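Student: Can you read through this structure? Questions will come right after.
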Amino acid sequence: PPPALAELQTEFTGLMNDAGIDRVQALDTALRIVVANRMCEDYSGVSRDELIGQPFFDVYPAARAWPAIGEALDQALQGRRSFVPAELG
């Protein structure tokens with residue numbers, strides 16, 4: 001798409017992520033947070049700007065003990081989509 005349209009799509013996607021009730025974040029292959037929505041800020045108590053670039057387990061150390069988190073990360077590192085219901089992580 002043209003640059004202006006791509007920017008609008010990116011902005012719209014960000015607004016949709018922030019409008020939801022789910023925590024949505026993306027990690028790189030080193031498990032650093034590269035994208036986080038408003039709910040992640042609310043849950044962690046850390047601003048989005050501070051979350052970006054941080055290792056996932058530094059921000060959420062208790063997540064190491066949650067099997068659903070480990071399984072979701074394994075799936076993601078294999079190039080698959082992953083999802084963890086709130087009650088499991």
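Going through the structure tokens in order, the chains are called A, B, and so on, while each chain numbers its residues from 1 and the ligands are numbered from 1 in the order shown.
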List every residue of stretch 32-68 of chain A that has an atom at most 12 Å from any atom of stretch 75-87 of chain A, giving for each one its closest atom pair and the distance in Å to one decimal, counting only C-alpha atoms, sorted by chain and then by ascending residue number, as a tab-separated table.

Tutor:
residue	atom	partner	partner_atom	distance
A:Met39	CA	A:Ala86	CA	11.9
A:Tyr43	CA	A:Ala86	CA	11.3
A:Ala63	CA	A:Val84	CA	11.4
A:Trp66	CA	A:Val84	CA	10.2
A:Pro67	CA	A:Val84	CA	10.1
A:Ala68	CA	A:Val84	CA	6.4

Student: Emit the selected residues as a PDB file, in the first residue's frame, including N, CA and C atoms.

Tutor:
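And here's result.pdb as it stands now:
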ATOM      1  N   MET A  39      -3.121  -2.674  27.860  1.00  0.00           N
ATOM      2  CA  MET A  39      -3.423  -3.624  28.928  1.00  0.00           C
ATOM      3  C   MET A  39      -2.136  -4.197  29.528  1.00  0.00           C
ATOM      4  N   TYR A  43      -1.317  -4.072  33.459  1.00  0.00           N
ATOM      5  CA  TYR A  43      -1.018  -5.299  34.186  1.00  0.00           C
ATOM      6  C   TYR A  43       0.359  -5.238  34.848  1.00  0.00           C
ATOM      7  N   ALA A  63       6.179 -15.698  35.382  1.00  0.00           N
ATOM      8  CA  ALA A  63       5.713 -16.438  34.203  1.00  0.00           C
ATOM      9  C   ALA A  63       6.569 -17.680  33.932  1.00  0.00           C
ATOM     10  N   TRP A  66       4.711 -20.819  34.804  1.00  0.00           N
ATOM     11  CA  TRP A  66       3.427 -21.096  34.163  1.00  0.00           C
ATOM     12  C   TRP A  66       3.648 -21.927  32.906  1.00  0.00           C
ATOM     13  N   PRO A  67       3.273 -23.211  32.930  1.00  0.00           N
ATOM     14  CA  PRO A  67       3.483 -24.065  31.753  1.00  0.00           C
ATOM     15  C   PRO A  67       2.869 -23.503  30.471  1.00  0.00           C
ATOM     16  N   ALA A  68       1.705 -22.863  30.569  1.00  0.00           N
ATOM     17  CA  ALA A  68       1.049 -22.331  29.364  1.00  0.00           C
ATOM     18  C   ALA A  68       1.899 -21.269  28.688  1.00  0.00           C
TER      19      ALA A  68
END

Student: What lies within 12 Å of A:Gly14 using only C-alpha atoms, ignoring chain neighbours under 4 positions off, as JSON, numbers by chain?

Tutor: {"A": [7, 8, 9, 10, 18, 19, 20, 24, 25, 35, 36, 37, 38]}

Student: If you run DSSP on the backbone here, which positions in chain A get alpha helix (DSSP H)? Please write them as a PyMOL selection string.

Tutor: chain A and resi 3-19+38-44+48-51+56-59+67-77

Student: Write the selection just made, keeping C-alpha atoms, as a PDB file, in the first residue's frame?

Tutor:
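To be explicit, this is the file written out as selection_36.pdb:
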ATOM      1  CA  PRO A   3       2.999   5.029   2.554  1.00  0.00           C
ATOM      2  CA  ALA A   4       0.093   7.147   3.798  1.00  0.00           C
ATOM      3  CA  LEU A   5      -2.247   4.131   3.749  1.00  0.00           C
ATOM      4  CA  ALA A   6       0.346   1.946   5.489  1.00  0.00           C
ATOM      5  CA  GLU A   7       0.689   4.554   8.244  1.00  0.00           C
ATOM      6  CA  LEU A   8      -3.090   4.694   8.684  1.00  0.00           C
ATOM      7  CA  GLN A   9      -3.268   0.896   8.843  1.00  0.00           C
ATOM      8  CA  THR A  10      -0.546   0.826  11.481  1.00  0.00           C
ATOM      9  CA  GLU A  11      -2.280   3.517  13.513  1.00  0.00           C
ATOM     10  CA  PHE A  12      -5.642   1.741  13.231  1.00  0.00           C
ATOM     11  CA  THR A  13      -4.110  -1.556  14.310  1.00  0.00           C
ATOM     12  CA  GLY A  14      -2.583   0.154  17.341  1.00  0.00           C
ATOM     13  CA  LEU A  15      -5.905   1.713  18.269  1.00  0.00           C
ATOM     14  CA  MET A  16      -7.656  -1.656  17.986  1.00  0.00           C
ATOM     15  CA  ASN A  17      -5.034  -3.314  20.192  1.00  0.00           C
ATOM     16  CA  ASP A  18      -5.417  -0.617  22.830  1.00  0.00           C
ATOM     17  CA  ALA A  19      -9.213  -0.801  22.722  1.00  0.00           C
ATOM     18  CA  ARG A  38      -2.211  -0.585  26.968  1.00  0.00           C
ATOM     19  CA  MET A  39      -3.423  -3.624  28.928  1.00  0.00           C
ATOM     20  CA  CYS A  40       0.206  -4.782  29.264  1.00  0.00           C
ATOM     21  CA  GLU A  41       1.011  -1.406  30.801  1.00  0.00           C
ATOM     22  CA  ASP A  42      -1.918  -1.727  33.200  1.00  0.00           C
ATOM     23  CA  TYR A  43      -1.018  -5.299  34.186  1.00  0.00           C
ATOM     24  CA  SER A  44       2.720  -4.762  34.626  1.00  0.00           C
ATOM     25  CA  ARG A  48       4.892   0.844  27.126  1.00  0.00           C
ATOM     26  CA  ASP A  49       8.064   2.775  26.344  1.00  0.00           C
ATOM     27  CA  GLU A  50       9.800   1.056  29.259  1.00  0.00           C
ATOM     28  CA  LEU A  51       8.443  -2.385  28.287  1.00  0.00           C
ATOM     29  CA  PHE A  56       9.906 -10.911  28.801  1.00  0.00           C
ATOM     30  CA  PHE A  57      10.933 -12.825  31.937  1.00  0.00           C
ATOM     31  CA  ASP A  58      12.537  -9.733  33.471  1.00  0.00           C
ATOM     32  CA  VAL A  59       9.170  -7.994  33.294  1.00  0.00           C
ATOM     33  CA  PRO A  67       3.483 -24.065  31.753  1.00  0.00           C
ATOM     34  CA  ALA A  68       1.049 -22.331  29.364  1.00  0.00           C
ATOM     35  CA  ILE A  69       3.513 -19.465  28.901  1.00  0.00           C
ATOM     36  CA  GLY A  70       6.385 -21.825  28.062  1.00  0.00           C
ATOM     37  CA  GLU A  71       4.216 -23.725  25.586  1.00  0.00           C
ATOM     38  CA  ALA A  72       3.044 -20.501  23.917  1.00  0.00           C
ATOM     39  CA  LEU A  73       6.613 -19.224  23.604  1.00  0.00           C
ATOM     40  CA  ASP A  74       7.737 -22.547  22.098  1.00  0.00           C
ATOM     41  CA  GLN A  75       4.908 -22.310  19.540  1.00  0.00           C
ATOM     42  CA  ALA A  76       5.799 -18.724  18.682  1.00  0.00           C
ATOM     43  CA  LEU A  77       9.487 -19.540  18.234  1.00  0.00           C
TER      44      LEU A  77
END

Student: How many Å separate atom CA of A:Ile33 from atom CA of A:Arg64?

Tutor: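 Atom-to-atom, atom CA of A:Ile33 to atom CA of A:Arg64, that is 15.5 Å.
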
Student: When DSSP works through the backbone of this structure, what residues of stretch 8-84 of chain A end up as strand (DSSP E or B), shown as an MDAnalysis selection string?

Tutor: chainID A and resid 25:27 32:36 55

Student: Kindly export the residues of the current selection with C-alpha atoms, as a PDB file, in the first residue's frame.

Tutor:
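Here's the written file part.pdb:
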ATOM      1  CA  GLN A  25       2.480  -8.222  23.096  1.00  0.00           C
ATOM      2  CA  ALA A  26       4.977  -9.391  20.540  1.00  0.00           C
ATOM      3  CA  LEU A  27       8.432 -10.717  21.311  1.00  0.00           C
ATOM      4  CA  ARG A  32      12.446  -9.232  24.225  1.00  0.00           C
ATOM      5  CA  ILE A  33       9.197  -7.266  24.098  1.00  0.00           C
ATOM      6  CA  VAL A  34       8.881  -5.381  20.805  1.00  0.00           C
ATOM      7  CA  VAL A  35       5.192  -4.420  20.969  1.00  0.00           C
ATOM      8  CA  ALA A  36       2.878  -4.087  23.952  1.00  0.00           C
ATOM      9  CA  PRO A  55      13.346  -9.371  28.260  1.00  0.00           C
TER      10      PRO A  55
END
